Amino acid sequence: MISFNFRFLFPIFILGLLSFSKSENERFKYYQQISKTQEIEVFYLTWQDTNLPNFIKTSDYKKYVDNAELIDYCFYVDSKAPEKRKFKIPTTTDKLIKRIPLTIKGKFFKTKQFDDTFPTPLFEDLRKTGDLKFKTENDDFLVFMLD
């Protein structure tokens with residue numbers, strides 16, 4: 001009788017694991033890799049509009065700091081590890097706020113859309129209705145995925 005219960009529970013357990021894995025990977029299904037792994041030095045920019053990408057290579061920042069094209073060189077930073085997305089390490093957060101360069105390692109991706117949580121919960125609704133306050137080339141958003 002006990003083995004019968006286990007046979008019944010095992011497929012449910014496997015389905016549960018598969019559905020968790022699938023939903024965890026769903027948020028990255030739109031990403032297309034466009035670079036190899038690299039280390040880049042970045043600045044964090046603070047915008048009033050929380051939907052704007054906050055990161056820029058330090059070399060691009062120095063070139064475009066006083067130009068309207070600055071936003072064209074900014075990108076989002078994402079990670080499959082939620083703790084890396086938040087930059088909660090105090091020294092890192094302090095560096096980002098004080099605009100001290102930070103070196104990060106990963107790959108660049110492009111995407112035409114995000115999931116319903118990243119970069120902000122409202123982002124996809126604004127994108128679909130055309131209410132984002134910025135435009136990107138070919139409607140692609142640049143994302144740096146941390147290793």
# chains A, B, ... in the order shown; residues from 1 in each chain; ligands from 1
>>> residues_around(residues="Lys128 of chain A", least_positions_apart="3", cutoff="12 Å", atoms="only C-alpha atoms", output="tab-separated table (two decimals) with all heavy atoms, in the first residue's frame")
chain	number	residue	atom	x	y	z
A	112	LYS	N	13.59	42.19	-27.03
A	112	LYS	CA	12.52	43.09	-27.44
A	112	LYS	C	11.49	43.24	-26.32
A	112	LYS	O	10.68	44.15	-26.34
A	112	LYS	CB	11.84	42.59	-28.71
A	112	LYS	CG	12.77	42.66	-29.91
A	112	LYS	CD	12.01	42.80	-31.19
A	112	LYS	CE	12.92	42.86	-32.38
A	112	LYS	NZ	13.67	44.07	-32.52
A	113	GLN	N	11.52	42.33	-25.36
A	113	GLN	CA	10.59	42.42	-24.23
A	113	GLN	C	11.17	41.71	-23.02
A	113	GLN	O	12.12	40.95	-23.12
A	113	GLN	CB	9.22	41.85	-24.61
A	113	GLN	CG	9.20	40.34	-24.74
A	113	GLN	CD	7.82	39.84	-25.13
A	113	GLN	OE1	7.41	40.01	-26.26
A	113	GLN	NE2	7.11	39.25	-24.20
A	114	PHE	N	10.57	42.00	-21.87
A	114	PHE	CA	10.99	41.40	-20.61
A	114	PHE	C	9.83	40.59	-20.04
A	114	PHE	O	8.76	40.51	-20.64
A	114	PHE	CB	11.40	42.50	-19.62
A	114	PHE	CG	12.64	43.24	-20.03
A	114	PHE	CD1	12.57	44.47	-20.66
A	114	PHE	CD2	13.90	42.71	-19.77
A	114	PHE	CE1	13.72	45.17	-21.03
A	114	PHE	CE2	15.05	43.39	-20.14
A	114	PHE	CZ	14.95	44.62	-20.77
A	116	ASP	N	7.24	39.98	-16.53
A	116	ASP	CA	6.39	40.94	-15.81
A	116	ASP	C	7.00	41.46	-14.50
A	116	ASP	O	6.34	42.17	-13.76
A	116	ASP	CB	5.00	40.35	-15.56
A	116	ASP	CG	5.05	39.08	-14.73
A	116	ASP	OD1	6.16	38.58	-14.44
A	116	ASP	OD2	3.97	38.58	-14.37
A	122	LEU	N	5.83	47.35	-13.97
A	122	LEU	CA	5.00	48.04	-14.97
A	122	LEU	C	5.65	48.17	-16.35
A	122	LEU	O	5.01	48.60	-17.30
A	122	LEU	CB	4.65	49.44	-14.47
A	122	LEU	CG	3.73	49.52	-13.27
A	122	LEU	CD1	3.55	50.96	-12.82
A	122	LEU	CD2	2.38	48.90	-13.61
A	123	PHE	N	6.92	47.82	-16.45
A	123	PHE	CA	7.67	48.05	-17.67
A	123	PHE	C	6.99	47.48	-18.91
A	123	PHE	O	6.82	48.17	-19.92
A	123	PHE	CB	9.09	47.47	-17.55
A	123	PHE	CG	9.98	47.84	-18.69
A	123	PHE	CD1	10.78	48.96	-18.61
A	123	PHE	CD2	10.01	47.08	-19.85
A	123	PHE	CE1	11.62	49.32	-19.66
A	123	PHE	CE2	10.83	47.43	-20.91
A	123	PHE	CZ	11.63	48.55	-20.81
A	124	GLU	N	6.60	46.21	-18.86
A	124	GLU	CA	6.02	45.57	-20.04
A	124	GLU	C	4.70	46.21	-20.44
A	124	GLU	O	4.41	46.35	-21.62
A	124	GLU	CB	5.84	44.07	-19.82
A	124	GLU	CG	7.04	43.25	-20.26
A	124	GLU	CD	7.45	43.50	-21.70
A	124	GLU	OE1	6.67	43.18	-22.62
A	124	GLU	OE2	8.55	44.02	-21.92
A	125	ASP	N	3.89	46.63	-19.48
A	125	ASP	CA	2.64	47.32	-19.81
A	125	ASP	C	2.93	48.63	-20.53
A	125	ASP	O	2.29	48.96	-21.53
A	125	ASP	CB	1.81	47.60	-18.55
A	125	ASP	CG	1.23	46.33	-17.95
A	125	ASP	OD1	1.08	45.33	-18.69
A	125	ASP	OD2	0.93	46.33	-16.75
A	131	ASP	N	4.06	53.73	-24.01
A	131	ASP	CA	4.16	54.82	-23.03
A	131	ASP	C	5.51	54.92	-22.33
A	131	ASP	O	5.65	55.67	-21.37
A	131	ASP	CB	3.06	54.67	-21.97
A	131	ASP	CG	1.68	54.93	-22.55
A	131	ASP	OD1	1.58	55.73	-23.50
A	131	ASP	OD2	0.71	54.32	-22.07
A	132	LEU	N	6.52	54.18	-22.81
A	132	LEU	CA	7.86	54.36	-22.25
A	132	LEU	C	8.36	55.74	-22.69
A	132	LEU	O	8.06	56.18	-23.79
A	132	LEU	CB	8.82	53.28	-22.76
A	132	LEU	CG	8.67	51.90	-22.16
A	132	LEU	CD1	9.60	50.91	-22.87
A	132	LEU	CD2	8.95	51.90	-20.67
A	139	ASP	N	13.84	48.74	-31.42
A	139	ASP	CA	13.04	48.29	-30.27
A	139	ASP	C	13.74	47.22	-29.44
A	139	ASP	O	13.09	46.43	-28.75
A	139	ASP	CB	11.66	47.80	-30.71
A	139	ASP	CG	10.82	48.91	-31.30
A	139	ASP	OD1	10.97	50.06	-30.84
A	139	ASP	OD2	10.02	48.63	-32.21
>>> closest_residue(among="A:Phe118, A:Phe55, A:Tyr73, A:Phe28", to="Glu137 of chain A", atoms="only C-alpha atoms")
A:Tyr73
>>> closest_residue(among="A:Glu41, A:Ile100, A:Asp72, A:Lys29", to="Leu142 of chain A", atoms="only C-alpha atoms")
A:Asp72
>>> atom_distance(atom1="atom CA of Phe144 of chain A", atom2="atom CA of Thr129 of chain A")
25.1 Å
>>> closest_residue(among="A:Tyr30, A:Cys74, A:Lys62, A:Ala68", to="Leu45 of chain A", atoms="only C-alpha atoms")
A:Cys74
>>> residues_around(residues="Ser59 of chain A", least_positions_apart="4", cutoff="9 Å", atoms="only C-alpha atoms", output="PyMOL selection string")
chain A and resi 41-42+63-64
>>> write_last_selection(atoms="C-alpha atoms", output="PDB file, in the first residue's frame")
ATOM      1  CA  GLU A  41      33.788  48.749 -15.926  1.00  0.00           C
ATOM      2  CA  VAL A  42      30.473  50.494 -15.322  1.00  0.00           C
ATOM      3  CA  LYS A  63      32.249  60.249 -24.182  1.00  0.00           C
ATOM      4  CA  TYR A  64      28.524  61.038 -23.907  1.00  0.00           C
TER       5      TYR A  64
END
>>> atom_distance(atom1="atom CA of Thr103 of chain A", atom2="atom CA of Ile40 of chain A")
5.5 Å
>>> closest_residue(among="A:Ala81, A:Leu70, A:Met145, A:Leu126", to="Phe108 of chain A", atoms="only C-alpha atoms")
A:Met145
>>> closest_residue(among="A:Lys133, A:Arg27, A:Lys36, A:Lys110", to="Ser79 of chain A", atoms="only C-alpha atoms")
A:Arg27
>>> residues_around(residues="Gln38 of chain A", least_positions_apart="6", cutoff="7 Å", atoms="only C-alpha atoms", output="list in words")
Lys105, Gly106 and Lys107 of chain A
>>> write_last_selection(atoms="N, CA and C atoms", output="mmCIF file, in the first residue's frame")
data_model
loop_
_atom_site.group_PDB
_atom_site.id
_atom_site.type_symbol
_atom_site.label_atom_id
_atom_site.label_comp_id
_atom_site.auth_asym_id
_atom_site.auth_seq_id
_atom_site.Cartn_x
_atom_site.Cartn_y
_atom_site.Cartn_z
ATOM 1 N N LYS A 105 31.300 41.108 -14.545
ATOM 2 C CA LYS A 105 31.631 40.093 -15.553
ATOM 3 C C LYS A 105 30.354 39.416 -16.027
ATOM 4 N N GLY A 106 30.240 39.263 -17.347
ATOM 5 C CA GLY A 106 29.065 38.610 -17.912
ATOM 6 C C GLY A 106 29.031 38.739 -19.417
ATOM 7 N N LYS A 107 27.819 38.653 -19.978
ATOM 8 C CA LYS A 107 27.620 38.712 -21.428
ATOM 9 C C LYS A 107 26.502 39.700 -21.746
#
>>> select_by_dssp(residues="segment 101-134 of chain A", states="alpha helix (DSSP H)", output="number ranges by chain")
A: 123-129
>>> residues_around(residues="Val143 of chain A", least_positions_apart="5", cutoff="9 Å", atoms="only C-alpha atoms", output="PDB file with N, CA, C and O atoms, in the first residue's frame")
ATOM      1  N   TYR A  31      15.753  36.674 -24.269  1.00  0.00           N
ATOM      2  CA  TYR A  31      17.117  37.185 -24.386  1.00  0.00           C
ATOM      3  C   TYR A  31      17.875  36.489 -25.521  1.00  0.00           C
ATOM      4  O   TYR A  31      17.856  35.280 -25.634  1.00  0.00           O
ATOM      5  N   PRO A  53      17.284  52.280 -18.273  1.00  0.00           N
ATOM      6  CA  PRO A  53      18.442  51.450 -17.895  1.00  0.00           C
ATOM      7  C   PRO A  53      19.435  52.279 -17.077  1.00  0.00           C
ATOM      8  O   PRO A  53      19.687  53.434 -17.395  1.00  0.00           O
ATOM      9  N   PHE A  75      22.361  50.402 -20.303  1.00  0.00           N
ATOM     10  CA  PHE A  75      21.821  49.050 -20.382  1.00  0.00           C
ATOM     11  C   PHE A  75      21.360  48.594 -19.001  1.00  0.00           C
ATOM     12  O   PHE A  75      21.682  49.200 -17.981  1.00  0.00           O
ATOM     13  N   TYR A  76      20.592  47.525 -19.013  1.00  0.00           N
ATOM     14  CA  TYR A  76      20.128  46.901 -17.777  1.00  0.00           C
ATOM     15  C   TYR A  76      21.131  45.835 -17.363  1.00  0.00           C
ATOM     16  O   TYR A  76      21.839  45.285 -18.208  1.00  0.00           O
ATOM     17  N   VAL A  77      21.198  45.552 -16.083  1.00  0.00           N
ATOM     18  CA  VAL A  77      22.018  44.457 -15.582  1.00  0.00           C
ATOM     19  C   VAL A  77      21.078  43.451 -14.942  1.00  0.00           C
ATOM     20  O   VAL A  77      20.238  43.807 -14.116  1.00  0.00           O
ATOM     21  N   ASP A  78      21.216  42.215 -15.370  1.00  0.00           N
ATOM     22  CA  ASP A  78      20.338  41.147 -14.898  1.00  0.00           C
ATOM     23  C   ASP A  78      21.194  39.950 -14.497  1.00  0.00           C
ATOM     24  O   ASP A  78      22.385  39.901 -14.802  1.00  0.00           O
ATOM     25  N   LYS A 107      27.819  38.653 -19.978  1.00  0.00           N
ATOM     26  CA  LYS A 107      27.620  38.712 -21.428  1.00  0.00           C
ATOM     27  C   LYS A 107      26.502  39.700 -21.746  1.00  0.00           C
ATOM     28  O   LYS A 107      25.562  39.848 -20.966  1.00  0.00           O
ATOM     29  N   PHE A 108      26.604  40.328 -22.907  1.00  0.00           N
ATOM     30  CA  PHE A 108      25.533  41.201 -23.377  1.00  0.00           C
ATOM     31  C   PHE A 108      24.486  40.390 -24.131  1.00  0.00           C
ATOM     32  O   PHE A 108      24.810  39.457 -24.872  1.00  0.00           O
ATOM     33  N   PHE A 109      23.246  40.775 -23.912  1.00  0.00           N
ATOM     34  CA  PHE A 109      22.101  40.189 -24.603  1.00  0.00           C
ATOM     35  C   PHE A 109      21.250  41.339 -25.119  1.00  0.00           C
ATOM     36  O   PHE A 109      21.335  42.463 -24.622  1.00  0.00           O
ATOM     37  N   LYS A 110      20.411  41.047 -26.100  1.00  0.00           N
ATOM     38  CA  LYS A 110      19.410  42.013 -26.515  1.00  0.00           C
ATOM     39  C   LYS A 110      18.059  41.322 -26.376  1.00  0.00           C
ATOM     40  O   LYS A 110      17.955  40.099 -26.438  1.00  0.00           O
ATOM     41  N   THR A 111      17.035  42.132 -26.170  1.00  0.00           N
ATOM     42  CA  THR A 111      15.687  41.599 -26.045  1.00  0.00           C
ATOM     43  C   THR A 111      14.687  42.637 -26.505  1.00  0.00           C
ATOM     44  O   THR A 111      14.936  43.836 -26.370  1.00  0.00           O
TER      45      THR A 111
END
>>> atom_distance(atom1="atom CA of Arg99 of chain A", atom2="atom CA of Val65 of chain A")
12.8 Å
